[in-house]
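What follows is work_39.cif (mmCIF, C-alpha atoms, pLDDT in the B column; chains and numbers go by the auth columns).
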data_final
loop_
_atom_site.group_PDB
_atom_site.id
_atom_site.type_symbol
_atom_site.label_atom_id
_atom_site.label_comp_id
_atom_site.label_asym_id
_atom_site.label_seq_id
_atom_site.Cartn_x
_atom_site.Cartn_y
_atom_site.Cartn_z
_atom_site.B_iso_or_equiv
_atom_site.auth_seq_id
_atom_site.auth_asym_id
ATOM 1 C CA MET A 1 -36.700 136.522 74.019 52.00 1 N
ATOM 2 C CA ASN A 2 -35.301 133.584 75.762 59.00 2 N
ATOM 3 C CA ARG A 3 -32.689 131.749 73.675 64.00 3 N
ATOM 4 C CA PRO A 4 -31.433 128.349 74.452 67.00 4 N
ATOM 5 C CA PHE A 5 -28.438 127.992 76.839 63.00 5 N
ATOM 6 C CA HIS A 6 -26.002 126.770 74.291 62.00 6 N
ATOM 7 C CA GLN A 7 -26.672 129.813 72.114 66.00 7 N
ATOM 8 C CA ARG A 8 -26.115 132.184 74.984 67.00 8 N
ATOM 9 C CA PHE A 9 -22.929 130.305 76.024 62.00 9 N
ATOM 10 C CA GLY A 10 -21.695 130.516 72.496 65.00 10 N
ATOM 11 C CA ASP A 11 -22.341 134.248 72.396 66.00 11 N
ATOM 12 C CA PHE A 12 -20.456 134.648 75.676 62.00 12 N
ATOM 13 C CA ILE A 13 -17.569 132.643 74.428 61.00 13 N
ATOM 14 C CA GLU A 14 -17.532 134.598 71.223 65.00 14 N
ATOM 15 C CA GLY A 15 -17.612 137.947 73.063 63.00 15 N
ATOM 16 C CA LYS A 16 -15.302 137.106 75.991 66.00 16 N
ATOM 17 C CA GLY A 17 -13.339 134.227 74.530 65.00 17 N
ATOM 18 C CA PHE A 18 -10.160 136.228 73.781 68.00 18 N
ATOM 19 C CA TYR A 19 -9.734 137.283 77.364 73.00 19 N
ATOM 20 C CA ILE A 20 -10.396 133.818 78.688 74.00 20 N
ATOM 21 C CA VAL A 21 -7.733 132.309 76.396 71.00 21 N
ATOM 22 C CA LEU A 22 -5.297 135.031 77.402 77.00 22 N
ATOM 23 C CA LEU A 23 -5.926 134.375 81.090 79.00 23 N
ATOM 24 C CA LEU A 24 -5.402 130.653 80.621 80.00 24 N
ATOM 25 C CA CYS A 25 -2.101 131.251 78.824 80.00 25 N
ATOM 26 C CA VAL A 26 -0.873 133.519 81.580 80.00 26 N
ATOM 27 C CA ALA A 27 -1.854 130.940 84.189 81.00 27 N
ATOM 28 C CA ALA A 28 -0.111 128.213 82.282 79.00 28 N
ATOM 29 C CA ILE A 29 3.056 130.315 82.001 84.00 29 N
ATOM 30 C CA GLY A 30 2.933 131.106 85.728 79.00 30 N
ATOM 31 C CA VAL A 31 2.529 127.452 86.688 76.00 31 N
ATOM 32 C CA SER A 32 5.365 126.475 84.378 78.00 32 N
ATOM 33 C CA ALA A 33 7.627 129.202 85.831 78.00 33 N
ATOM 34 C CA TRP A 34 6.836 128.065 89.374 74.00 34 N
ATOM 35 C CA PHE A 35 7.707 124.445 88.617 75.00 35 N
ATOM 36 C CA LEU A 36 10.934 125.545 86.913 75.00 36 N
ATOM 37 C CA LEU A 37 11.917 127.760 89.827 73.00 37 N
ATOM 38 C CA SER A 38 11.103 124.999 92.344 72.00 38 N
ATOM 39 C CA SER A 39 13.308 122.494 90.481 71.00 39 N
ATOM 40 C CA LEU A 40 16.228 124.971 90.347 70.00 40 N
ATOM 41 C CA LEU A 41 16.011 125.870 94.034 67.00 41 N
ATOM 42 C CA GLY A 42 15.635 122.267 95.186 58.00 42 N
ATOM 43 C CA GLY A 43 12.273 123.043 96.736 49.00 43 N
ATOM 44 C CA PRO A 44 9.620 120.481 97.480 48.00 44 N
ATOM 45 C CA GLU A 45 7.898 118.876 94.552 47.00 45 N
ATOM 46 C CA GLU A 46 4.116 118.500 94.531 46.00 46 N
ATOM 47 C CA ASP A 47 2.623 115.482 92.981 46.00 47 N
ATOM 48 C CA VAL A 48 -0.708 116.810 91.882 41.00 48 N
ATOM 49 C CA THR A 49 -3.054 114.019 90.987 42.00 49 N
ATOM 50 C CA ALA A 50 -6.346 114.983 89.486 44.00 50 N
ATOM 51 C CA GLY A 51 -9.147 114.143 91.747 48.00 51 N
ATOM 52 C CA GLY A 52 -6.914 112.987 94.609 50.00 52 N
ATOM 53 C CA PRO A 53 -4.927 114.380 97.536 51.00 53 N
ATOM 54 C CA VAL A 54 -1.808 116.356 96.881 47.00 54 N
ATOM 55 C CA THR A 55 1.345 114.565 98.068 51.00 55 N
ATOM 56 C CA ILE A 56 4.394 116.754 98.715 48.00 56 N
ATOM 57 C CA THR A 57 7.719 114.893 98.485 52.00 57 N
ATOM 58 C CA VAL A 58 10.573 116.685 100.200 48.00 58 N
ATOM 59 C CA THR A 59 13.891 116.008 98.453 53.00 59 N
ATOM 60 C CA PRO A 60 16.704 116.270 101.003 52.00 60 N
ATOM 61 C CA THR A 61 19.457 118.697 100.058 53.00 61 N
ATOM 62 C CA PRO A 62 22.621 116.704 99.367 50.00 62 N
ATOM 63 C CA ARG A 63 25.355 117.419 101.851 58.00 63 N
ATOM 64 C CA ALA A 64 28.807 118.178 100.669 49.00 64 N
ATOM 65 C CA THR A 65 30.892 115.059 101.055 52.00 65 N
ATOM 66 C CA ALA A 66 34.241 115.730 102.644 50.00 66 N
ATOM 67 C CA PRO A 67 37.084 114.410 100.448 48.00 67 N
ATOM 68 C CA ALA A 68 38.548 111.217 101.692 51.00 68 N
ATOM 69 C CA VAL A 69 41.763 111.800 103.540 47.00 69 N
ATOM 70 C CA THR A 70 44.530 109.571 102.264 52.00 70 N
ATOM 71 C CA ALA A 71 46.811 108.556 105.049 51.00 71 N
ATOM 72 C CA ARG A 72 50.347 109.679 104.360 60.00 72 N
ATOM 73 C CA PRO A 73 52.976 107.007 104.612 52.00 73 N
ATOM 74 C CA PRO A 74 55.073 107.350 107.726 54.00 74 N
ATOM 75 C CA ALA A 75 58.169 109.371 107.126 53.00 75 N
ATOM 76 C CA THR A 76 61.165 107.151 106.694 55.00 76 N
ATOM 77 C CA ALA A 77 63.874 108.221 109.045 53.00 77 N
ATOM 78 C CA THR A 78 67.114 108.863 107.173 58.00 78 N
ATOM 79 C CA PRO A 79 69.829 106.911 108.943 56.00 79 N
ATOM 80 C CA VAL A 80 72.488 109.161 110.311 54.00 80 N
ATOM 81 C CA PRO A 81 75.915 107.789 109.417 54.00 81 N
ATOM 82 C CA ALA A 82 77.855 106.753 112.427 59.00 82 N
ATOM 83 C CA ALA A 83 80.721 108.982 113.240 57.00 83 N
ATOM 84 C CA THR A 84 83.922 107.654 111.748 56.00 84 N
ATOM 85 C CA PRO A 85 86.365 107.014 114.542 53.00 85 N
ATOM 86 C CA ALA A 86 89.421 109.146 114.332 57.00 86 N
ATOM 87 C CA VAL A 87 92.396 107.286 113.050 54.00 87 N
ATOM 88 C CA THR A 88 95.138 107.366 115.562 56.00 88 N
ATOM 89 C CA ALA A 89 98.455 107.591 113.858 56.00 89 N
ATOM 90 C CA ARG A 90 100.590 104.705 114.811 64.00 90 N
ATOM 91 C CA PRO A 91 104.093 105.554 115.727 56.00 91 N
ATOM 92 C CA ALA A 92 106.466 104.731 112.965 61.00 92 N
ATOM 93 C CA ALA A 93 108.124 101.459 113.505 59.00 93 N
ATOM 94 C CA THR A 94 111.665 101.960 114.535 60.00 94 N
ATOM 95 C CA PRO A 95 113.797 100.009 112.115 54.00 95 N
ATOM 96 C CA ALA A 96 115.836 97.384 113.765 55.00 96 N
ATOM 97 C CA PRO A 97 119.432 98.468 113.810 52.00 97 N
ATOM 98 C CA SER A 98 121.282 96.628 111.127 54.00 98 N
ATOM 99 C CA ALA A 99 124.247 94.699 112.149 54.00 99 N
ATOM 100 C CA THR A 100 127.368 96.742 111.644 52.00 100 N
ATOM 101 C CA PRO A 101 129.601 94.804 109.315 51.00 101 N
ATOM 102 C CA ALA A 102 132.885 93.856 110.851 53.00 102 N
ATOM 103 C CA PRO A 103 135.719 95.938 109.448 59.00 103 N
ATOM 104 C CA GLN A 104 137.571 94.132 106.726 79.00 104 N
ATOM 105 C CA ALA A 105 141.048 93.148 107.757 90.00 105 N
ATOM 106 C CA ALA A 106 144.012 94.430 105.801 91.00 106 N
ATOM 107 C CA PRO A 107 145.488 92.001 103.286 92.00 107 N
ATOM 108 C CA THR A 108 148.425 89.919 104.405 91.00 108 N
ATOM 109 C CA VAL A 109 149.850 89.334 100.920 94.00 109 N
ATOM 110 C CA TYR A 110 150.386 91.977 98.182 97.00 110 N
ATOM 111 C CA LEU A 111 151.180 91.090 94.583 97.00 111 N
ATOM 112 C CA TRP A 112 153.344 93.134 92.252 97.00 112 N
ATOM 113 C CA PRO A 113 150.979 94.924 89.855 98.00 113 N
ATOM 114 C CA VAL A 114 153.598 94.557 87.065 98.00 114 N
ATOM 115 C CA ARG A 115 157.038 93.006 86.968 96.00 115 N
ATOM 116 C CA GLY A 116 159.954 95.231 86.066 96.00 116 N
ATOM 117 C CA GLU A 117 162.844 97.400 87.142 96.00 117 N
ATOM 118 C CA LEU A 118 162.286 100.169 89.686 96.00 118 N
ATOM 119 C CA LEU A 119 162.894 103.371 87.771 95.00 119 N
ATOM 120 C CA THR A 120 162.112 105.582 90.752 94.00 120 N
ATOM 121 C CA GLU A 121 162.037 104.421 94.349 94.00 121 N
ATOM 122 C CA TYR A 122 159.789 105.613 97.166 96.00 122 N
ATOM 123 C CA SER A 123 161.048 108.795 98.929 93.00 123 N
ATOM 124 C CA ASP A 124 158.978 110.775 101.377 88.00 124 N
ATOM 125 C CA ASP A 125 161.735 112.499 103.365 87.00 125 N
ATOM 126 C CA VAL A 126 164.643 112.677 100.928 88.00 126 N
ATOM 127 C CA LEU A 127 164.464 114.834 97.813 90.00 127 N
ATOM 128 C CA ALA A 128 165.123 113.104 94.495 86.00 128 N
ATOM 129 C CA TYR A 129 165.759 114.685 91.132 87.00 129 N
ATOM 130 C CA ASP A 130 162.747 114.611 88.767 88.00 130 N
ATOM 131 C CA PRO A 131 163.902 114.629 85.127 90.00 131 N
ATOM 132 C CA THR A 132 160.444 115.528 83.839 89.00 132 N
ATOM 133 C CA MET A 133 159.906 118.537 86.101 87.00 133 N
ATOM 134 C CA ALA A 134 163.664 119.279 86.237 87.00 134 N
ATOM 135 C CA ASP A 135 163.608 119.810 89.971 89.00 135 N
ATOM 136 C CA TRP A 136 164.125 118.013 93.278 91.00 136 N
ATOM 137 C CA ARG A 137 161.077 116.575 95.039 91.00 137 N
ATOM 138 C CA THR A 138 159.769 113.697 97.090 91.00 138 N
ATOM 139 C CA HIS A 139 158.214 110.654 95.394 92.00 139 N
ATOM 140 C CA ALA A 140 155.253 109.038 97.202 93.00 140 N
ATOM 141 C CA GLY A 141 155.369 105.758 95.292 96.00 141 N
ATOM 142 C CA VAL A 142 157.439 103.630 92.955 97.00 142 N
ATOM 143 C CA ASP A 143 157.799 103.679 89.168 97.00 143 N
ATOM 144 C CA ILE A 144 157.982 100.123 87.808 98.00 144 N
ATOM 145 C CA ALA A 145 159.245 99.771 84.246 98.00 145 N
ATOM 146 C CA ALA A 146 156.799 97.969 81.935 98.00 146 N
ATOM 147 C CA ALA A 147 156.044 98.207 78.237 97.00 147 N
ATOM 148 C CA ALA A 148 152.949 100.116 77.150 96.00 148 N
ATOM 149 C CA GLY A 149 149.980 97.769 76.996 97.00 149 N
ATOM 150 C CA THR A 150 151.235 95.519 79.797 97.00 150 N
ATOM 151 C CA GLN A 151 148.323 94.375 81.956 98.00 151 N
ATOM 152 C CA VAL A 152 148.174 95.973 85.405 98.00 152 N
ATOM 153 C CA LEU A 153 146.951 93.651 88.186 98.00 153 N
ATOM 154 C CA ALA A 154 145.258 94.365 91.534 98.00 154 N
ATOM 155 C CA THR A 155 147.820 93.965 94.300 97.00 155 N
ATOM 156 C CA ALA A 156 145.134 92.495 96.610 97.00 156 N
ATOM 157 C CA ALA A 157 141.367 91.947 96.731 97.00 157 N
ATOM 158 C CA GLY A 158 139.351 95.096 97.193 97.00 158 N
ATOM 159 C CA THR A 159 136.736 97.540 95.886 98.00 159 N
ATOM 160 C CA VAL A 160 137.306 100.145 93.186 98.00 160 N
ATOM 161 C CA THR A 161 136.649 103.491 94.873 98.00 161 N
ATOM 162 C CA SER A 162 137.489 105.748 91.931 97.00 162 N
ATOM 163 C CA VAL A 163 138.523 105.828 88.288 97.00 163 N
ATOM 164 C CA GLU A 164 139.698 109.298 87.230 96.00 164 N
ATOM 165 C CA ASP A 165 141.797 111.227 84.773 96.00 165 N
ATOM 166 C CA ASP A 166 144.287 113.100 86.946 96.00 166 N
ATOM 167 C CA VAL A 167 145.788 116.248 85.392 95.00 167 N
ATOM 168 C CA MET A 168 149.376 115.313 86.283 95.00 168 N
ATOM 169 C CA MET A 169 149.286 111.518 86.763 96.00 169 N
ATOM 170 C CA GLY A 170 146.880 110.592 83.941 97.00 170 N
ATOM 171 C CA THR A 171 144.371 107.718 84.153 98.00 171 N
ATOM 172 C CA THR A 172 144.319 106.575 87.789 98.00 172 N
ATOM 173 C CA VAL A 173 142.491 103.702 89.530 98.00 173 N
ATOM 174 C CA THR A 174 142.199 103.506 93.344 98.00 174 N
ATOM 175 C CA LEU A 175 141.310 100.366 95.342 98.00 175 N
ATOM 176 C CA ASP A 176 140.210 100.018 98.962 98.00 176 N
ATOM 177 C CA HIS A 177 141.527 96.798 100.487 97.00 177 N
ATOM 178 C CA GLY A 178 140.086 97.222 103.970 96.00 178 N
ATOM 179 C CA GLY A 179 142.018 97.674 107.193 95.00 179 N
ATOM 180 C CA GLY A 180 142.849 101.255 106.114 96.00 180 N
ATOM 181 C CA ILE A 181 144.967 100.113 103.137 97.00 181 N
ATOM 182 C CA THR A 182 144.439 101.645 99.670 98.00 182 N
ATOM 183 C CA SER A 183 146.425 101.204 96.465 98.00 183 N
ATOM 184 C CA VAL A 184 146.809 103.653 93.558 98.00 184 N
ATOM 185 C CA TYR A 185 147.660 102.771 89.931 98.00 185 N
ATOM 186 C CA ALA A 186 148.612 105.749 87.704 98.00 186 N
ATOM 187 C CA ASN A 187 149.899 106.370 84.151 98.00 187 N
ATOM 188 C CA LEU A 188 147.404 103.783 82.845 98.00 188 N
ATOM 189 C CA ALA A 189 146.037 103.661 79.331 97.00 189 N
ATOM 190 C CA ALA A 190 143.078 106.000 78.792 93.00 190 N
ATOM 191 C CA VAL A 191 140.352 103.337 79.213 92.00 191 N
ATOM 192 C CA PRO A 192 140.763 100.968 82.201 95.00 192 N
ATOM 193 C CA THR A 193 138.843 97.687 82.501 96.00 193 N
ATOM 194 C CA VAL A 194 137.087 98.463 85.813 97.00 194 N
ATOM 195 C CA GLU A 195 134.620 101.048 87.092 96.00 195 N
ATOM 196 C CA ALA A 196 134.010 102.644 90.453 97.00 196 N
ATOM 197 C CA GLY A 197 132.107 100.248 92.706 96.00 197 N
ATOM 198 C CA ASP A 198 133.523 97.073 91.182 97.00 198 N
ATOM 199 C CA THR A 199 134.777 94.402 93.550 97.00 199 N
ATOM 200 C CA VAL A 200 137.952 92.725 92.365 97.00 200 N
ATOM 201 C CA ALA A 201 140.073 89.807 93.492 97.00 201 N
ATOM 202 C CA ALA A 202 143.821 89.826 93.939 97.00 202 N
ATOM 203 C CA GLY A 203 145.497 89.627 90.525 97.00 203 N
ATOM 204 C CA ALA A 204 142.399 90.948 88.642 98.00 204 N
ATOM 205 C CA VAL A 205 143.223 93.043 85.564 98.00 205 N
ATOM 206 C CA LEU A 206 142.575 96.750 86.173 98.00 206 N
ATOM 207 C CA GLY A 207 143.858 98.129 82.882 97.00 207 N
ATOM 208 C CA SER A 208 147.159 98.449 81.036 98.00 208 N
ATOM 209 C CA VAL A 209 150.298 100.594 81.105 98.00 209 N
ATOM 210 C CA GLY A 210 149.926 103.820 79.129 97.00 210 N
ATOM 211 C CA HIS A 211 151.427 107.286 78.519 95.00 211 N
ATOM 212 C CA THR A 212 148.906 109.515 80.338 96.00 212 N
ATOM 213 C CA ALA A 213 151.042 110.870 83.263 96.00 213 N
ATOM 214 C CA ILE A 214 152.368 114.264 82.168 95.00 214 N
ATOM 215 C CA ALA A 215 154.336 114.642 85.409 94.00 215 N
ATOM 216 C CA GLU A 216 156.441 111.552 84.524 94.00 216 N
ATOM 217 C CA SER A 217 156.530 111.766 80.738 94.00 217 N
ATOM 218 C CA ALA A 218 160.358 111.920 80.643 95.00 218 N
ATOM 219 C CA LEU A 219 160.626 108.379 82.032 95.00 219 N
ATOM 220 C CA PRO A 220 160.414 105.184 79.971 96.00 220 N
ATOM 221 C CA ASP A 221 157.111 103.285 79.880 97.00 221 N
ATOM 222 C CA HIS A 222 156.168 102.401 83.425 97.00 222 N
ATOM 223 C CA LEU A 223 153.442 102.056 86.055 98.00 223 N
ATOM 224 C CA HIS A 224 153.310 104.532 88.918 98.00 224 N
ATOM 225 C CA PHE A 225 152.230 102.501 91.959 98.00 225 N
ATOM 226 C CA SER A 226 151.665 103.718 95.519 97.00 226 N
ATOM 227 C CA LEU A 227 150.174 102.478 98.790 97.00 227 N
ATOM 228 C CA GLU A 228 148.542 104.343 101.675 97.00 228 N
ATOM 229 C CA ALA A 229 147.888 103.185 105.232 96.00 229 N
ATOM 230 C CA ASP A 230 145.163 105.147 107.026 96.00 230 N
ATOM 231 C CA GLY A 231 145.547 107.955 104.478 94.00 231 N
ATOM 232 C CA SER A 232 149.351 108.324 104.726 95.00 232 N
ATOM 233 C CA PRO A 233 151.788 107.190 101.998 96.00 233 N
ATOM 234 C CA VAL A 234 153.931 104.130 102.769 97.00 234 N
ATOM 235 C CA ASP A 235 156.769 102.421 100.880 97.00 235 N
ATOM 236 C CA PRO A 236 155.144 99.803 98.599 97.00 236 N
ATOM 237 C CA THR A 237 158.279 97.650 98.669 96.00 237 N
ATOM 238 C CA ASP A 238 157.667 97.066 102.381 96.00 238 N
ATOM 239 C CA TYR A 239 154.405 95.295 101.460 96.00 239 N
ATOM 240 C CA LEU A 240 154.982 93.664 98.084 94.00 240 N
ATOM 241 C CA ASP A 241 155.755 89.937 98.124 80.00 241 N
#

So, in terms of structure tokens, how does the structure I just supplied come out?
Amino acid sequence: MNRPFHQRFGDFIEGKGFYIVLLLCVAAIGVSAWFLLSSLLGGPEEDVTAGGPVTITVTPTPRATAPAVTARPPATATPVPAATPAVTARPAATPAPSATPAPQAAPTVYLWPVRGELLTEYSDDVLAYDPTMADWRTHAGVDIAAAAGTQVLATAAGTVTSVEDDVMMGTTVTLDHGGGITSVYANLAAVPTVEAGDTVAAGAVLGSVGHTAIAESALPDHLHFSLEADGSPVDPTDYLD
């Protein structure tokens, strides 16, 4: 019996419909997978327009862009320090020779260091009795009587070369008068008024008469005075005014 077309199509769809739907789903999944794979691989895309021609647009594969090269600044040359010239030692300047001072002339006038009686005269070649030592001996000077404390004066201008405490002659002051002449003042009080290096004028006070000469302690208060010319004893009375 011939049924109408729409009834037969409906029976077909009812009998075969499950398989048709399944086939369509599989096709849809396949098409979707193909599009997804094409987009991941960068393949050509197809613009499918219903009822029209298929246009394939080829997307160019992007090329890797080389990183820009930054020009390095030119290396700055480190200046090399110039070699320091060697310092040539200058020869030491030779000091100009100082003028040699003219030798001081010997005094022409000699003052008596104290005024008094000569207790013991000068004797360099004749032995004289020494009451203190109780023997006979020479006497390289003169003993001039003067009370203890009497000021002792410089016989001439000069420089004090030494102030010492002699074991036998007690406190002793020595002056250099120039021209090889020196004068010696012994048996002074313990503390004289000058020091070594002092420059004194004729008549300057050197100290005072004392009791410090053990070798002449048996004599009355006095000054032991002597002169030397070029290191040799001379008779003071030949020089004193």

Report as a ChimeraX atom specification the residues that result from applying the PyMOL selection byres ((chain N and resi 186) around 7) to the structure here. /N:169-173,184-185,187-188,223-225

With distances taken over all atoms listed in the file, the candidate from N:Val234, N:Ala156, N:Cys25, N:Ala190 nearest Asp125 in chain N is N:Val234

Using the chain letters and numbering of this document, enumerate as a PDB file with C-alpha atoms, in the coordinates of the input the residues selected by the PyMOL selection byres ((chain N and resi 118) around 7).
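Everything below was put into part_1.pdb:
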ATOM      1  CA  GLY N 116     159.954  95.231  86.066  1.00 96.00           C
ATOM      2  CA  GLU N 117     162.844  97.400  87.142  1.00 96.00           C
ATOM      3  CA  LEU N 119     162.894 103.371  87.771  1.00 95.00           C
ATOM      4  CA  THR N 120     162.112 105.582  90.752  1.00 94.00           C
ATOM      5  CA  GLU N 121     162.037 104.421  94.349  1.00 94.00           C
ATOM      6  CA  VAL N 142     157.439 103.630  92.955  1.00 97.00           C
ATOM      7  CA  ASP N 143     157.799 103.679  89.168  1.00 97.00           C
ATOM      8  CA  ILE N 144     157.982 100.123  87.808  1.00 98.00           C
ATOM      9  CA  ALA N 145     159.245  99.771  84.246  1.00 98.00           C
TER      10      ALA N 145
END

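CA of Val200 in chain N to CA of Gln104 in chain N spans 14.4 Å [interatomic distance, one decimal].
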
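If you look at CA of Gly141 in chain N and CA of Pro233 in chain N, they are 7.7 Å away from each other.
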
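Counting from CA of Pro192 in chain N, the distance to CA of Asp166 in chain N is 13.5 Å.
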
Residues picked by the PyMOL selection byres ((chain N and resi 203) around 10) here, as a CSV table (one decimal) with C-alpha atoms, in the coordinates of the input?
chain,number,residue,atom,x,y,z
N,110,TYR,CA,150.4,92.0,98.2
N,111,LEU,CA,151.2,91.1,94.6
N,112,TRP,CA,153.3,93.1,92.3
N,113,PRO,CA,151.0,94.9,89.9
N,152,VAL,CA,148.2,96.0,85.4
N,153,LEU,CA,147.0,93.7,88.2
N,154,ALA,CA,145.3,94.4,91.5
N,155,THR,CA,147.8,94.0,94.3
N,156,ALA,CA,145.1,92.5,96.6
N,157,ALA,CA,141.4,91.9,96.7
N,200,VAL,CA,138.0,92.7,92.4
N,201,ALA,CA,140.1,89.8,93.5
N,202,ALA,CA,143.8,89.8,93.9
N,204,ALA,CA,142.4,90.9,88.6
N,205,VAL,CA,143.2,93.0,85.6
N,206,LEU,CA,142.6,96.8,86.2

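The shortest atom-to-atom distance to Ser162 in chain N, with all atoms listed in the file taken into account, belongs to N:Gly197 out of N:Gly197, N:Asp221, N:Gly178, N:Val114.
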
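Nearest residue to Ser183 in chain N, choosing from N:Asp130, N:Asp198, N:Asp165, N:Asp235 and counting all atoms listed in the file: N:Asp235.
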
Counting all atoms listed in the file, what is within 12 Å of Ala134 in chain N, bar same-chain residues fewer than 4 positions away, as a VMD selection string? chain N and resid 128 to 130 215 to 218

Residue neighbourhood Thr159 in chain N, 6 Å, all atoms listed in the file, exclusion window fewer than 6 positions, as an MDAnalysis selection string: chainID N and resid 175:176 198:199

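Candidate residues N:Ala106, N:Val126, N:Val167, N:Val209 were compared for distance to Thr150 in chain N, and the nearest is N:Val209, using all atoms listed in the file.
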
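Proximity to Thr182 in chain N was assessed for N:Ile29, N:Ala229, N:Leu37, N:Ala140 counting only C-alpha atoms; the smallest distance is recorded for N:Ala229.
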
Around range 119-130 of chain N, fit a box with edges along x, y and z, padding it by 5 Å on each side, then list its centre and edge lengths in Å to one decimal as AutoDock Vina command-line options.
--center_x 162.4 --center_y 109.1 --center_z 95.6 --size_x 16.8 --size_y 21.5 --size_z 25.6

Start from the incomplete input, build N, CA and C atoms for range 109-127 of chain N, and deliver everything as a PDB file, keeping the file's coordinate frame.
ATOM      1  N   VAL N 109     148.957  89.556 102.065  1.00 94.00           N
ATOM      2  CA  VAL N 109     149.850  89.334 100.920  1.00 94.00           C
ATOM      3  C   VAL N 109     149.530  90.352  99.842  1.00 94.00           C
ATOM      4  N   TYR N 110     150.552  90.982  99.235  1.00 97.00           N
ATOM      5  CA  TYR N 110     150.386  91.977  98.182  1.00 97.00           C
ATOM      6  C   TYR N 110     151.193  91.532  96.971  1.00 97.00           C
ATOM      7  N   LEU N 111     150.542  91.489  95.831  1.00 97.00           N
ATOM      8  CA  LEU N 111     151.180  91.090  94.583  1.00 97.00           C
ATOM      9  C   LEU N 111     151.774  92.310  93.875  1.00 97.00           C
ATOM     10  N   TRP N 112     152.814  92.060  93.086  1.00 97.00           N
ATOM     11  CA  TRP N 112     153.344  93.134  92.252  1.00 97.00           C
ATOM     12  C   TRP N 112     152.344  93.376  91.118  1.00 97.00           C
ATOM     13  N   PRO N 113     151.943  94.643  90.928  1.00 98.00           N
ATOM     14  CA  PRO N 113     150.979  94.924  89.855  1.00 98.00           C
ATOM     15  C   PRO N 113     151.564  94.653  88.467  1.00 98.00           C
ATOM     16  N   VAL N 114     152.847  94.912  88.277  1.00 98.00           N
ATOM     17  CA  VAL N 114     153.598  94.557  87.065  1.00 98.00           C
ATOM     18  C   VAL N 114     154.986  94.119  87.512  1.00 98.00           C
ATOM     19  N   ARG N 115     155.673  93.414  86.658  1.00 96.00           N
ATOM     20  CA  ARG N 115     157.038  93.006  86.968  1.00 96.00           C
ATOM     21  C   ARG N 115     158.002  93.825  86.113  1.00 96.00           C
ATOM     22  N   GLY N 116     158.971  94.454  86.802  1.00 96.00           N
ATOM     23  CA  GLY N 116     159.954  95.231  86.066  1.00 96.00           C
ATOM     24  C   GLY N 116     160.918  95.924  87.002  1.00 96.00           C
ATOM     25  N   GLU N 117     161.826  96.656  86.394  1.00 96.00           N
ATOM     26  CA  GLU N 117     162.844  97.400  87.142  1.00 96.00           C
ATOM     27  C   GLU N 117     162.212  98.608  87.814  1.00 96.00           C
ATOM     28  N   LEU N 118     162.728  98.942  89.019  1.00 96.00           N
ATOM     29  CA  LEU N 118     162.286 100.169  89.686  1.00 96.00           C
ATOM     30  C   LEU N 118     163.030 101.356  89.078  1.00 96.00           C
ATOM     31  N   LEU N 119     162.297 102.176  88.356  1.00 95.00           N
ATOM     32  CA  LEU N 119     162.894 103.371  87.771  1.00 95.00           C
ATOM     33  C   LEU N 119     163.053 104.457  88.819  1.00 95.00           C
ATOM     34  N   THR N 120     162.055 104.588  89.683  1.00 94.00           N
ATOM     35  CA  THR N 120     162.112 105.582  90.752  1.00 94.00           C
ATOM     36  C   THR N 120     161.619 104.934  92.021  1.00 94.00           C
ATOM     37  N   GLU N 121     162.425 105.022  93.084  1.00 94.00           N
ATOM     38  CA  GLU N 121     162.037 104.421  94.349  1.00 94.00           C
ATOM     39  C   GLU N 121     161.182 105.381  95.174  1.00 94.00           C
ATOM     40  N   TYR N 122     160.606 104.819  96.241  1.00 96.00           N
ATOM     41  CA  TYR N 122     159.789 105.613  97.166  1.00 96.00           C
ATOM     42  C   TYR N 122     160.696 106.548  97.962  1.00 96.00           C
ATOM     43  N   SER N 123     160.277 107.834  98.146  1.00 93.00           N
ATOM     44  CA  SER N 123     161.048 108.795  98.929  1.00 93.00           C
ATOM     45  C   SER N 123     160.083 109.832  99.468  1.00 93.00           C
ATOM     46  N   ASP N 124     159.891 109.808 100.775  1.00 88.00           N
ATOM     47  CA  ASP N 124     158.978 110.775 101.377  1.00 88.00           C
ATOM     48  C   ASP N 124     159.708 111.803 102.238  1.00 88.00           C
ATOM     49  N   ASP N 125     161.005 111.550 102.535  1.00 87.00           N
ATOM     50  CA  ASP N 125     161.735 112.499 103.365  1.00 87.00           C
ATOM     51  C   ASP N 125     163.058 112.933 102.730  1.00 87.00           C
ATOM     52  N   VAL N 126     163.412 112.309 101.629  1.00 88.00           N
ATOM     53  CA  VAL N 126     164.643 112.677 100.928  1.00 88.00           C
ATOM     54  C   VAL N 126     164.269 113.145  99.527  1.00 88.00           C
ATOM     55  N   LEU N 127     164.775 114.290  99.134  1.00 90.00           N
ATOM     56  CA  LEU N 127     164.464 114.834  97.813  1.00 90.00           C
ATOM     57  C   LEU N 127     165.209 114.057  96.745  1.00 90.00           C
TER      58      LEU N 127
END
